[in-house]
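Engineer: My questions all concern the structure below.
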Amino acid sequence: MADEENNQEQQAQKLSSSDDQIIVRTEFIDLALPEEEKTLPQTEELSNCPGCQSVGVLTLPCSHKLCLSCIELSRQEMGQDGCTICHGSQLMDSVLQSLFGALFQGEPRRAGVTPQAEAMTFRGVAEETKPYGFEKEKLCVQHGELFSEFCLEDEELLCQKCHMDNHGQHQCCSIQEAVLVCKKLLRSTIRDVQEQLENISAIKQRWEDTVTHIMSQSVTGTQVLRQEFEKMHQYLHDEEATLMSQLNQDEEVKVQRVEDKINKISNDIRMLTTSMRDMENVMESEDIIFLENYRSALKRTPYRAEESQDEFGTLLDVPKYQSCIQYYVWEKMPIIIQYFPVTLDPNTGSTCLGVSPDLSSVFVCDEKPLPDNPERFVNPKGILGSAGFSSGSHHWEVEVGDNSQWSLGVANETVKRKDSLRLDENPEESGDGLWTVSLFSGEYYASPGQSAPLTLRRRPYRVRIQLDWERGCLTFSDVNGNTLIYRFKKQWTGTLRPYFSTTCSKHPLKITEASVTIATE
């Protein structure tokens with residue numbers, strides 16, 4: 001505290017060291033105070049200067065407090081009457097006055113309201129605003145009065161004159177009531193928007209799940225294609241190796257046979273050459289010797305070579321290795337080819353049904369995340385075949401085995417897939433179509449048209465489905481017993497697709513592989 005008093009005294013001594021400065025300070029006080037109050041202000045030691053935050057300030061005539069250093073600085077910048085705080089307020093009022101004059105030029109004003117007052121009011125509002133930045137008061141532009149009512153028909157704010165002039169017959173209410181009503185409507189709108197937002201978010205999520213499922217389908221399809229083509233590639237490589245081996249063996253046999261003939265002929269040539277040389281030697285001897293040896297040389301039987309006969313099949317069998325190779329290899333390919341007259345369409349299967357990679361078996365599995373596309377069955381739990389039939393005759397066999405609950409048949413393209421479909425529902429009346437034979441709770445049923453259980457001699461382990469579209473006949477029979485199970489008679493007009501359904505988790509339904517034959521014309 002003693003240090004602060006010493007600092008203050010040093011500042012006062014420094015300020016009083018100049019006669020001009022003392023005169024200026026005295027004149028400043030004399031000009032600002034009334035005649036009866038022309039006394040030096042007392043120093044307040046415990047107050048801080050708002051300018052430099054030093055301790056020990058003087059109270060000015062405008063009630064603002066500054067230290068001696070800030071008073072001197074104000075005098076130098078603004079003259080003898082200068083006060084930095086007052087100068088800032090006056091500058092703000094001047095700016096706001098100019099701003100309001102430009103904004104509301106030509107607009108009606110309330111009587112007695114000056115631009116200076118508007119600036120002061122605005123400055124006060126700026127210092128203390130309502131939530132969301134609203135002003136304290138809103139005035140009617142036309143009449144300059146405060147808004148007091150709200151027109152529910154035109155949805156406008158009204159003053160008393162507006163109500164009397166133009167809205168006397170309209171339904172009006174107080175601003176508070178209008179706020180409640182409008183907030184209620186706005187809350188309802190917010191709820192609607194929230195519901196739309198949730199629906200759109202769900203749709204977005206569904207499409208994102210669809211993208212993920214498509215990518216998963218692509219990965220699985222790539223693996224299956226690679227495996228199947230590897231099988232065919234391996235088969236072709238094996239066939240190529242077999243044919244190349246046969247060609248090499250035929251080449252060795254043919255070449256060896258010809259080389260044996262060449263060797264035999266070479267031996268004959270050597271023997272004949274030796275015999276001819278011996279006779280020439282006898283002829284070159286002297287006459288007496290020649291005559292003595294003539295008879296013995298003549299008696300020698302010269303070597304006679306057997307003439308080689310040409311044989312069929314000496315050359316390679318060129319057509320065997322170069323004629324229609326692709327066809328002959330393809331003709332043998334059925335031994336590795338799997339053919340199913342009907343395959344399954346996974347995009348139509350319920351989420352609780354799984355499909356084998358070759359699309360020939362359907363089985364019950366845990367619920368898995370699958371996109372809820374329009375083709376997919378929800379109820380009943382089923383799946384369709386990939387091919388559709390709108391003409392001709394078709395048949396396929398399904399191995400049901402020990403499956404305890406299944407349903408087989410055909411379905412119309414418009415069959416219900418999201419809603420429940422009863423077995424006794426008439427497909428003609430419902431606009432859909434599903435014709436099946438089912439095993440349920442140990443009993444066999446045909447639907448539609450047969451409410452009572454079917455009577456079968458034996459339990460079928462393989463069921464044949466035959467569809468004659470033109471004749472309007474759908475037949476179910478037991479393959480092992482070669483007996484009829486049930487037959488539907490119906491003239492169809494749309495496309496039919498094979499239908500499969502099961503809820504048995506132990507035994508799948510498997511489409512039987514058909515034999516493949518190749519015929520040429």
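Just so we're on the same page: first chain in the structure tokens is A, next is B, and so on; residues restart at 1 for each chain, and ligands are numbered from 1 in the order they show up.
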From the DSSP assignment of the backbone, select every residue of segment 232-386 of chain A that is strand (DSSP E), and format the answer as a count of residues only.
Structural biologist: 10
Engineer: Report as a ChimeraX atom specification all protein, DNA and RNA residues lying within 8 Å of Cys352 of chain A, evaluated on only C-alpha atoms, omitting residues in the same chain fewer than 5 positions from it.
Structural biologist: /A:364-368,381
Engineer: Pick the closest to Asn248 of chain A from A:Cys70, A:Leu456, A:Cys49, A:Leu316: which is it, counting only C-alpha atoms?
Structural biologist: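 Under the stated criterion, the closest residue is A:Leu316.
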Engineer: Counting only C-alpha atoms, what is within 8 Å of Gln491 of chain A, bar same-chain residues fewer than 3 positions away, as a list in words?
Structural biologist: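 My list of contacting residues is Trp469, Glu470, Arg471, Gly472 and Cys473 of chain A.
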Engineer: If we count only C-alpha atoms and set the cut-off at 12 Å, which residues sit around Thr348 of chain A, ignoring sequence neighbours fewer than 4 positions away in its own chain? Please answer as an NGL selection string.
Structural biologist: :A and (344 or 352-355 or 362 or 370-386 or 413 or 415-418 or 497-501)
Engineer: Record the distance separating atom CA of Glu280 of chain A and atom CA of Ile265 of chain A, expressed in Å with one decimal.
Structural biologist: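 Taking atom CA of Glu280 of chain A as the start and atom CA of Ile265 of chain A as the end point, the length is 22.5 Å.
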Engineer: If you measure from atom CA of Gln142 of chain A to atom CA of Cys162 of chain A, what distance in Å do you get, rounded to one decimal?
Structural biologist: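 That distance, rounded to one decimal, is 8.5 Å.
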Engineer: Considering only C-alpha atoms, state which residue in the set A:Thr495, A:Thr59, A:Ala519, A:Val398 is at the smallest distance from Gln466 of chain A.
Structural biologist: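 Answer, going by the shortest atom-to-atom distance: A:Val398.
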